[in-house]
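K.L.:
Sending over work_13.txt (compact mmCIF, C-alpha atoms).
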```
# COMPACT_ATOMS: atom_id res chain seq x y z
CA MET O 1 25.43 24.71 -1.85
CA HIS O 2 25.40 28.33 -2.90
CA GLU O 3 28.68 29.99 -3.79
CA ALA O 4 28.91 33.75 -3.64
CA THR O 5 30.70 35.28 -6.61
CA ASP O 6 30.68 39.00 -5.81
CA SER O 7 33.06 40.80 -3.53
CA PRO O 8 31.13 42.04 -0.48
CA ASN O 9 32.31 45.59 -1.17
CA THR O 10 31.59 45.68 -4.90
CA LEU O 11 28.29 47.46 -5.40
CA GLY O 12 26.03 48.23 -8.28
CA PRO O 13 25.47 46.50 -11.62
CA PRO O 14 27.97 43.98 -12.99
CA THR O 15 30.45 45.07 -15.62
CA GLY O 16 30.26 43.83 -19.16
CA PRO O 17 28.26 44.58 -22.30
CA VAL O 18 24.59 45.44 -22.02
CA PRO O 19 22.46 43.06 -24.14
CA ARG O 20 21.03 45.09 -27.00
CA ASP O 21 19.91 44.73 -30.58
CA GLY O 22 23.14 45.82 -32.19
CA PRO O 23 26.08 47.77 -30.77
CA GLY O 24 25.54 49.55 -27.49
CA PRO O 25 27.45 51.10 -24.62
CA VAL O 26 29.22 49.08 -21.97
CA ALA O 27 27.67 49.14 -18.49
CA ALA O 28 29.26 51.53 -16.03
CA PRO O 29 31.67 49.90 -13.58
CA PRO O 30 30.21 49.22 -10.15
CA ILE O 31 31.00 51.29 -7.09
CA THR O 32 33.66 49.50 -5.05
CA LEU O 33 33.94 50.36 -1.39
CA PRO O 34 37.16 50.10 0.60
CA PRO O 35 37.09 47.78 3.63
CA LEU O 36 34.47 49.40 5.84
CA VAL O 37 35.24 51.11 9.14
CA ASP O 38 32.46 50.26 11.58
CA GLN O 39 32.58 53.20 13.97
CA HIS O 40 30.14 51.74 16.53
CA SER O 41 29.45 48.17 17.61
CA HIS O 42 29.41 46.06 20.76
CA GLY O 43 30.79 42.65 19.84
CA THR O 44 29.28 39.19 19.54
CA VAL O 45 28.06 36.48 21.89
CA ASP O 46 29.89 33.19 22.22
CA GLY O 47 28.40 29.73 22.21
CA GLU O 48 25.64 27.95 20.35
CA LEU O 49 22.28 29.68 19.94
CA GLY O 50 18.96 27.94 19.68
CA VAL O 51 15.93 29.35 17.91
CA GLY O 52 14.69 31.13 21.03
CA SER O 53 17.98 32.78 21.96
CA PHE O 54 18.70 33.74 18.33
CA GLU O 55 15.29 35.39 18.06
CA THR O 56 15.88 37.19 21.36
CA HIS O 57 18.91 38.87 19.78
CA LEU O 58 16.92 39.68 16.64
CA ALA O 59 14.26 41.27 18.82
CA ALA O 60 16.86 43.34 20.67
CA ALA O 61 18.23 44.58 17.34
CA ALA O 62 14.73 45.76 16.45
CA GLY O 63 14.31 47.40 19.86
CA SER O 64 11.49 45.05 20.75
CA GLY O 65 10.67 42.45 23.36
CA ALA O 66 9.82 38.84 22.71
CA ALA O 67 7.71 38.01 19.67
CA PRO O 68 4.05 37.25 20.45
CA ALA O 69 2.98 33.63 20.29
CA GLY O 70 2.62 32.40 16.75
CA THR O 71 4.95 35.07 15.29
CA THR O 72 8.67 35.28 14.65
CA PHE O 73 11.25 38.04 14.36
CA PHE O 74 12.49 36.38 11.20
CA ASP O 75 9.37 38.09 9.79
CA SER O 76 10.94 41.51 10.23
CA TRP O 77 13.17 43.76 8.16
CA THR O 78 16.22 42.52 10.04
CA GLY O 79 15.07 38.91 9.80
CA LEU O 80 14.62 39.16 6.03
CA ALA O 81 18.06 40.74 5.70
CA VAL O 82 19.62 37.90 7.71
CA ARG O 83 17.95 35.32 5.47
CA ARG O 84 19.09 37.14 2.32
CA TRP O 85 22.71 37.90 3.09
CA CYS O 86 23.94 35.42 5.70
CA PRO O 87 23.14 31.93 4.32
CA PRO O 88 25.52 32.29 1.33
CA LEU O 89 28.40 33.00 3.71
CA LEU O 90 27.67 29.66 5.39
CA GLY O 91 27.35 27.76 2.11
CA MET O 92 23.56 27.89 1.75
CA GLU O 93 21.09 29.41 -0.66
CA PRO O 94 19.68 32.86 0.14
CA HIS O 95 16.24 32.94 1.74
CA CYS O 96 16.50 29.43 3.13
CA ALA O 97 14.15 28.53 5.98
CA PRO O 98 15.23 29.88 9.38
CA VAL O 99 15.32 26.38 10.87
CA SER O 100 17.65 25.23 8.08
CA TYR O 101 19.91 28.23 8.56
CA LEU O 102 20.18 27.70 12.30
CA ALA O 103 20.84 23.98 11.76
CA ARG O 104 23.71 24.88 9.42
CA ARG O 105 25.01 27.33 12.00
CA ARG O 106 25.07 24.59 14.66
CA GLU O 107 26.69 22.16 12.21
CA LEU O 108 29.57 24.55 11.61
CA GLY O 109 29.89 25.47 15.27
CA ALA O 110 29.49 28.93 16.74
CA TYR O 111 33.10 30.01 16.32
CA ARG O 112 33.49 28.88 12.70
CA ALA O 113 30.13 30.39 11.75
CA ALA O 114 31.10 33.69 13.34
CA ARG O 115 34.43 33.65 11.46
CA LEU O 116 32.70 33.12 8.13
CA LEU O 117 30.11 35.80 8.79
CA LEU O 118 32.43 38.48 10.15
CA ARG O 119 35.10 37.89 7.53
CA GLY O 120 32.49 38.04 4.79
CA ALA O 121 30.91 41.26 6.00
CA GLY O 122 33.34 43.55 4.18
CA ILE O 123 34.39 45.32 7.39
CA GLY O 124 38.11 45.83 7.84
CA THR O 125 38.16 47.91 11.02
CA PHE O 126 35.90 47.84 14.06
CA LEU O 127 35.48 50.46 16.79
CA LEU O 128 34.27 48.34 19.68
CA GLU O 129 32.48 49.91 22.62
CA SER O 130 33.80 48.30 25.78
CA GLY O 131 32.58 47.99 29.32
CA ALA O 132 28.82 47.64 28.92
CA ARG O 133 28.45 43.83 29.06
CA ASP O 134 30.72 40.99 30.06
CA ASP O 135 29.11 38.37 27.80
CA LEU O 136 30.23 39.98 24.53
CA SER O 137 33.51 39.52 22.71
CA THR O 138 36.53 41.55 23.74
CA ALA O 139 38.55 43.59 21.27
CA GLU O 140 41.15 40.82 21.05
CA GLU O 141 38.51 38.15 20.47
CA LEU O 142 36.72 40.16 17.80
CA ALA O 143 40.00 40.93 16.02
CA ALA O 144 40.90 37.23 15.88
CA THR O 145 37.46 36.12 14.71
CA ALA O 146 36.98 38.86 12.13
CA ASP O 147 40.63 39.01 11.03
CA GLY O 148 40.42 42.79 11.23
CA ALA O 149 41.73 45.73 13.19
CA VAL O 150 39.77 46.52 16.36
CA HIS O 151 40.02 49.79 18.31
CA GLU O 152 38.51 50.34 21.73
CA VAL O 153 35.87 52.96 22.48
CA VAL O 154 35.58 53.39 26.26
CA ARG O 155 32.04 53.89 27.54
CA LEU O 156 32.02 56.42 30.37
CA GLU O 157 29.16 55.08 32.50
CA PRO O 158 30.66 51.64 33.23
CA LEU O 159 34.06 53.28 33.71
CA ALA O 160 32.54 55.46 36.44
CA GLU O 161 30.79 52.42 37.95
CA GLN O 162 34.11 50.59 38.23
CA VAL O 163 35.67 53.61 39.92
CA ALA O 164 32.74 53.88 42.32
CA ASP O 165 33.17 50.25 43.36
CA THR O 166 36.68 51.02 44.60
CA SER O 167 36.14 54.54 45.98
CA GLY O 168 34.88 54.86 49.53
CA THR O 169 34.58 58.65 49.63
CA VAL O 170 33.52 61.45 47.33
CA ASP O 171 37.07 62.85 47.23
CA ALA O 172 38.44 59.44 46.28
CA PHE O 173 35.79 59.01 43.59
CA ILE O 174 36.44 62.41 42.00
CA GLY O 175 40.20 61.88 42.01
CA ASN O 176 40.04 58.26 40.85
CA THR O 177 37.68 59.15 38.03
CA ALA O 178 40.12 61.73 36.70
CA GLU O 179 42.94 59.19 36.89
CA ALA O 180 40.83 56.51 35.18
CA LEU O 181 39.95 58.87 32.33
CA TYR O 182 43.59 59.80 31.86
CA ALA O 183 44.65 56.15 31.87
CA ALA O 184 41.92 55.18 29.39
CA ALA O 185 42.89 58.02 27.06
CA GLN O 186 46.34 56.49 26.68
CA HIS O 187 44.99 53.42 24.86
CA ALA O 188 41.42 54.20 23.76
CA THR O 189 40.49 55.51 20.34
CA ALA O 190 37.45 57.40 21.63
CA PHE O 191 35.06 57.79 24.53
CA ALA O 192 31.31 57.22 24.39
CA MET O 193 28.38 58.21 26.56
CA GLY O 194 24.61 58.18 26.53
CA ILE O 195 23.42 61.71 27.17
CA ALA O 196 20.01 63.36 26.77
CA PHE O 197 21.09 66.92 27.62
CA CYS O 198 24.23 68.81 28.55
CA ASP O 199 24.58 72.44 29.64
CA GLU O 200 26.80 74.93 27.86
CA LEU O 201 29.11 75.10 30.89
CA PRO O 202 30.60 72.34 33.05
CA PRO O 203 28.50 71.70 36.18
CA ASP O 204 29.34 73.44 39.43
CA PRO O 205 31.90 71.34 41.38
CA ARG O 206 29.72 71.51 44.49
CA GLU O 207 26.79 69.97 42.62
CA VAL O 208 29.10 67.32 41.19
CA ARG O 209 30.20 66.39 44.71
CA ARG O 210 26.59 66.18 45.90
CA ALA O 211 25.68 64.04 42.90
CA ALA O 212 28.69 61.79 43.51
CA ALA O 213 27.69 61.33 47.15
CA ARG O 214 24.17 60.32 46.13
CA TRP O 215 25.51 57.90 43.53
CA LEU O 216 28.04 56.29 45.85
CA ALA O 217 25.24 55.63 48.33
CA LEU O 218 23.62 53.39 45.72
CA THR O 219 26.57 51.03 45.28
CA VAL O 220 24.70 48.12 46.86
CA ARG O 221 22.21 48.16 43.99
CA PRO O 222 22.74 46.40 40.64
CA ALA O 223 24.88 48.34 38.19
CA ARG O 224 22.01 48.70 35.74
CA ASP O 225 20.16 50.85 38.30
CA ARG O 226 23.12 53.11 38.96
CA ALA O 227 23.22 55.46 35.99
CA PRO O 228 24.80 58.73 37.13
CA ASP O 229 22.43 61.66 37.63
CA PRO O 230 22.62 64.63 35.22
CA ALA O 231 25.25 66.64 37.10
CA LEU O 232 27.61 63.69 37.39
CA ALA O 233 26.96 62.59 33.81
CA GLN O 234 27.78 66.07 32.54
CA HIS O 235 30.94 66.13 34.65
CA LEU O 236 32.05 62.87 33.03
CA LEU O 237 31.29 64.19 29.57
CA TRP O 238 33.11 67.49 30.00
CA SER O 239 36.07 65.58 31.49
CA ALA O 240 36.18 63.30 28.44
CA VAL O 241 36.07 66.30 26.10
CA ALA O 242 39.11 67.71 27.93
CA THR O 243 41.20 64.65 26.95
CA GLY O 244 41.07 65.62 23.27
CA LEU O 245 39.92 62.18 22.12
CA PRO O 246 36.81 62.00 19.94
CA VAL O 247 33.63 61.52 21.97
CA GLN O 248 30.62 59.59 20.69
CA LEU O 249 27.30 60.93 21.96
CA HIS O 250 24.47 58.40 22.11
CA CYS O 251 21.42 60.65 22.05
CA ALA O 252 17.81 59.89 21.28
CA ASP O 253 17.29 63.35 19.77
CA PRO O 254 20.45 65.42 19.23
CA GLN O 255 18.52 68.69 19.17
CA SER O 256 18.75 68.89 22.97
CA LEU O 257 22.57 69.01 22.71
CA VAL O 258 22.79 72.12 20.54
CA GLY O 259 24.02 74.33 23.38
CA PHE O 260 26.74 71.84 24.32
CA LEU O 261 27.82 71.48 20.70
CA ARG O 262 28.08 75.24 20.37
CA ALA O 263 30.01 75.56 23.63
CA THR O 264 32.64 72.96 22.68
CA ALA O 265 33.53 74.52 19.33
CA GLY O 266 37.20 75.40 19.34
CA PHE O 267 38.18 72.86 22.00
CA GLY O 268 39.93 70.65 19.44
CA THR O 269 37.76 67.65 20.34
CA ASP O 270 35.58 66.03 17.69
CA LEU O 271 32.06 64.96 18.70
CA VAL O 272 30.18 62.20 16.85
CA LEU O 273 26.39 62.03 17.13
CA LEU O 274 24.85 58.55 17.30
CA PRO O 275 21.11 59.30 17.43
CA ASP O 276 18.13 56.99 17.65
CA ARG O 277 15.81 56.61 14.71
CA PRO O 278 14.29 58.75 13.23
CA HIS O 279 16.72 61.53 14.20
CA HIS O 280 19.65 60.79 11.85
CA ARG O 281 18.68 63.60 9.50
CA ARG O 282 18.72 66.16 12.33
CA ALA O 283 22.09 64.82 13.47
CA ALA O 284 23.43 65.36 9.95
CA GLN O 285 22.14 68.93 9.99
CA LEU O 286 23.98 69.59 13.25
CA ALA O 287 27.14 68.06 11.78
CA ALA O 288 26.83 70.56 8.95
CA ALA O 289 26.37 73.43 11.41
CA PHE O 290 29.42 72.80 13.64
CA PRO O 291 32.94 72.12 12.30
CA HIS O 292 33.85 69.71 15.12
CA VAL O 293 30.62 67.69 14.95
CA TYR O 294 30.12 64.51 12.90
CA ALA O 295 27.15 62.18 12.60
CA ASP O 296 26.32 58.58 11.93
CA ALA O 297 25.10 58.14 8.36
CA GLY O 298 22.21 56.03 9.61
CA PRO O 299 20.19 53.31 7.90
CA ARG O 300 19.18 55.63 5.02
CA PRO O 301 22.34 57.43 3.90
CA GLY O 302 20.44 58.98 1.00
CA GLU O 303 18.66 61.18 3.54
CA THR O 304 21.67 62.18 5.62
CA LEU O 305 23.95 62.81 2.63
CA GLY O 306 21.51 65.49 1.56
CA GLU O 307 21.90 67.33 4.86
CA ALA O 308 25.66 67.48 5.54
CA PRO O 309 28.97 67.64 3.71
CA PHE O 310 29.93 64.11 2.75
CA GLY O 311 33.04 64.21 4.92
CA LYS O 312 30.93 64.69 8.06
CA LEU O 313 29.10 61.33 7.96
CA LEU O 314 30.30 57.88 9.03
CA PHE O 315 29.09 54.30 8.65
CA SER O 316 28.33 52.04 11.59
CA THR O 317 26.54 48.77 12.22
CA GLY O 318 25.56 49.29 15.86
CA ALA O 319 25.72 45.48 15.99
CA ARG O 320 25.37 43.70 19.31
CA GLY O 321 25.31 39.97 19.94
CA LEU O 322 24.82 38.31 16.53
CA PRO O 323 27.61 38.33 13.94
CA GLU O 324 24.78 38.33 11.39
CA LEU O 325 24.01 41.93 12.35
CA TYR O 326 27.41 43.06 11.09
CA VAL O 327 26.67 41.39 7.75
CA THR O 328 23.19 42.81 7.31
CA ALA O 329 24.16 46.36 8.26
CA SER O 330 27.13 46.41 5.89
CA ARG O 331 25.14 44.90 3.01
CA LEU O 332 22.20 47.26 3.42
CA PHE O 333 24.59 50.21 3.59
CA GLY O 334 26.30 49.01 0.43
CA GLN O 335 23.01 48.64 -1.41
CA ALA O 336 21.90 52.10 -0.35
CA MET O 337 25.16 53.67 -1.51
CA ALA O 338 24.99 51.81 -4.85
CA ARG O 339 21.44 53.04 -5.50
CA LEU O 340 22.42 56.57 -4.56
CA ALA O 341 25.50 56.50 -6.79
CA ASP O 342 23.49 55.23 -9.75
CA GLU O 343 20.85 57.93 -9.17
CA TRP O 344 23.35 60.76 -8.91
CA VAL O 345 25.37 59.60 -11.90
CA GLY O 346 22.21 59.00 -13.96
CA GLU O 347 20.99 62.52 -13.20
CA GLU O 348 24.49 63.92 -13.92
CA ILE O 349 24.78 65.29 -10.41
CA CYS O 350 28.30 63.85 -10.29
CA THR O 351 30.58 61.54 -12.21
CA ARG O 352 30.98 57.89 -11.29
CA ALA O 353 34.51 58.64 -10.07
CA GLU O 354 33.10 61.30 -7.75
CA ALA O 355 30.41 58.89 -6.53
CA GLN O 356 33.16 56.38 -5.82
CA ARG O 357 35.09 58.94 -3.79
CA ILE O 358 32.02 60.04 -1.80
CA ALA O 359 31.09 56.45 -0.98
CA GLY O 360 34.63 55.81 0.20
CA LEU O 361 34.50 58.79 2.54
CA VAL O 362 31.34 57.62 4.28
CA ALA O 363 32.41 53.98 4.30
CA ALA O 364 35.86 54.48 5.78
CA GLY O 365 37.79 57.61 4.91
CA THR O 366 36.17 60.04 7.32
CA ALA O 367 36.31 57.55 10.20
CA ARG O 368 40.01 56.96 9.59
CA ARG O 369 40.59 60.72 9.82
CA VAL O 370 38.32 61.54 12.76
CA TYR O 371 39.47 58.62 14.92
CA ARG O 372 43.12 58.92 13.75
CA LEU O 373 43.14 55.24 12.88
CA ASP O 374 46.18 55.30 10.64
CA ALA O 375 48.27 56.46 13.62
CA ALA O 376 46.49 54.42 16.30
CA GLY O 377 47.37 50.97 17.55
CA SER O 378 44.83 48.17 17.23
CA ALA O 379 44.01 44.88 18.88
```
Show how you would write the structure in this file as structure tokens.

P.N.:
Amino acid sequence: MHEATDSPNTLGPPTGPVPRDGPGPVAAPPITLPPLVDQHSHGTVDGELGVGSFETHLAAAAGSGAAPAGTTFFDSWTGLAVRRWCPPLLGMEPHCAPVSYLARRRELGAYRAARLLLRGAGIGTFLLESGARDDLSTAEELAATADGAVHEVVRLEPLAEQVADTSGTVDAFIGNTAEALYAAAQHATAFAMGIAFCDELPPDPREVRRAAARWLALTVRPARDRAPDPALAQHLLWSAVATGLPVQLHCADPQSLVGFLRATAGFGTDLVLLPDRPHHRRAAQLAAAFPHVYADAGPRPGETLGEAPFGKLLFSTGARGLPELYVTASRLFGQAMARLADEWVGEEICTRAEAQRIAGLVAAGTARRVYRLDAAGSA
């Protein structure tokens, strides 16, 4: 059995003397991150997972469908990361065969394996997006399994779907939506929405009513086919901004939101961009351009940290389904920050103490400030 010896949030080279011929300097102390704040995730699935279902979740994490016959998603960047970082948390050697890892997972049981993985990920606080799927862990369940603080991020689309299911008229829907947003703002840490474009002004109320009428007429269809049309989506977004809570914007390319970002400056509401790859660098540039805009640091923080003030970028896993995805995202982030710190210190761009402070901002400090976590309640 393999026994991990390093703290999950201790990064960089080990301390101690550097082997040399004769006296030499002592190695620099490693960068140590605080418990991470994961600003965006979806929770984990319950129950045992076979090879097929596990690979289905790996494929979803890579944004792909099923693996072609004769191939496996363990042969992917995410699959390699799972095999490197997760087996030691379950008492196995790194890089063990996938079948051996999954057998160990079943031996421990799904709940115990999830506990070991989540508690070994180095994440102390989770911002959990709620409402999208019923088969994922709730905030209370994730808090118990991970032994961490969990704060709810309310997704606007499913909130509107729930209101639509109980609103028979357009007037009722408009009024009930406003009430639901107000009620959610009393306990949520933030709102979230997927949005491709938003105008610089709130939509005309008449167009919102027409859009609501069209949407309500589709209530007999499955919820996945009932995404609100642009006018209604923009109404929901502007209404969320009016609450004053931070709003996460899931956007493939944030460039299309520049007008909206400009228009909301001075409202007192922070906006956090969660772009798709490869648009994290552009999101960081927009965070630098607007005081109330922040951005996800992305999978390559070395790129985004070169585009925005360090206090405008935040870590997230984006994990959904597998507890392993929390582990791999946090470990890869830690490695990236350690390499960046060593590079900057080696080139005398900053001191190691400054590198430590910068890493702490991206890992947790900025999220605690933006989402007001020190004053907020948690699950």

K.L.:
Between O:His151, O:Arg210, O:Arg105, O:His250, which one has atoms that come closest to Ala190 in chain O, using only C-alpha atoms?

P.N.:
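Closest to Ala190 in chain O, using only C-alpha atoms: O:His151.
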
K.L.:
Would you be able to write out as JSON, numbers by chain which residues have an atom within 9 Å of (28.2, 74.2, 16.0) in the file's coordinates, counting only C-alpha atoms?

P.N.:
{"O": [258, 259, 260, 261, 262, 263, 264, 265, 286, 287, 288, 289, 290, 291, 292, 293]}

K.L.:
Residues near range 366-370 of chain O, anyone? I mean within 8 Å using only C-alpha atoms, not counting same-chain ones fewer than 3 positions away, as a PDB file with C-alpha atoms, in the coordinates of the input.

P.N.:
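Result went into result-v2.pdb, see below:
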```pdb
ATOM      1  CA  VAL O  37      35.240  51.110   9.140  1.00  0.00           C
ATOM      2  CA  GLN O  39      32.580  53.200  13.970  1.00  0.00           C
ATOM      3  CA  PRO O 246      36.810  62.000  19.940  1.00  0.00           C
ATOM      4  CA  ASP O 270      35.580  66.030  17.690  1.00  0.00           C
ATOM      5  CA  GLY O 311      33.040  64.210   4.920  1.00  0.00           C
ATOM      6  CA  LYS O 312      30.930  64.690   8.060  1.00  0.00           C
ATOM      7  CA  LEU O 313      29.100  61.330   7.960  1.00  0.00           C
ATOM      8  CA  LEU O 314      30.300  57.880   9.030  1.00  0.00           C
ATOM      9  CA  LEU O 361      34.500  58.790   2.540  1.00  0.00           C
ATOM     10  CA  VAL O 362      31.340  57.620   4.280  1.00  0.00           C
ATOM     11  CA  ALA O 363      32.410  53.980   4.300  1.00  0.00           C
ATOM     12  CA  LEU O 373      43.140  55.240  12.880  1.00  0.00           C
ATOM     13  CA  ASP O 374      46.180  55.300  10.640  1.00  0.00           C
TER      14      ASP O 374
END
```

K.L.:
Hey, can you check how far CA of Val208 in chain O sits from CA of Glu152 in chain O?

P.N.:
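According to the coordinates, CA of Val208 in chain O and CA of Glu152 in chain O are separated by 27.5 Å.
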
K.L.:
Which protein, DNA or RNA residues have an atom at most 7 Å from (34.5, 50.8, 19.1), counting all atoms listed in the file? List them as a PyMOL selection string.

P.N.:
chain O and resi 39-41+126-129+151-153

K.L.:
What does the structure give for the distance between CA of Ala233 in chain O and CA of Asp253 in chain O, in Å to one decimal?

P.N.:
17.1 Å

K.L.:
Please provide the set of residues having any atom within 9 Å of Pro228 in chain O, restricted to all atoms listed in the file, with same-chain residues fewer than 3 positions apart removed, written as a list in words.

P.N.:
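Residues near the query, excluding close chain neighbours: Glu157, Ala160, Glu161, Ala211, Ala212, Trp215, Ala231, Leu232 and Ala233 of chain O.
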
K.L.:
Please list as a list in words every residue within 9 Å of Tyr326 in chain O, counting only C-alpha atoms and excluding residues in the same chain fewer than 5 positions away.

P.N.:
Asp38, Ser41, Leu117, Leu118, Ala121, Ile123, Thr317, Gly318, Ala319, Arg320 and Arg331 of chain O

K.L.:
I'd like the contact shell of Asn9 in chain O - 9 Å cut-off, all atoms listed in the file, skipping same-chain residues fewer than 6 positions apart - returned as a PyMOL selection string.

P.N.:
chain O and resi 31-36+121-123+330-331+334

K.L.:
Near Asp171 in chain O, counting all atoms listed in the file, which residues have an atom at most 10 Å away, once you skip same-chain residues fewer than 3 positions from it, shown as a PyMOL selection string?

P.N.:
chain O and resi 167-168+174-177+209+212-213

K.L.:
Would you work out the distance separating CA of Cys251 in chain O from CA of Pro275 in chain O, expressed in Å to one decimal?

P.N.:
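Separating CA of Cys251 in chain O from CA of Pro275 in chain O is a distance of 4.8 Å.
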
K.L.:
Between O:Val163, O:Leu108, O:Ala61, O:Met92, which residue has the minimum interatomic distance to Gly79 in chain O, considering all atoms listed in the file?

P.N.:
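Of the candidates, the smallest distance to Gly79 in chain O is held by O:Ala61.
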
K.L.:
Looking at O:Gly268, O:Gly70, O:Pro29, O:Pro87, which one is nearest to Val345 in chain O, with distances taken over all atoms listed in the file?

P.N.:
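Closest residue, counting all atoms listed in the file: O:Pro29.
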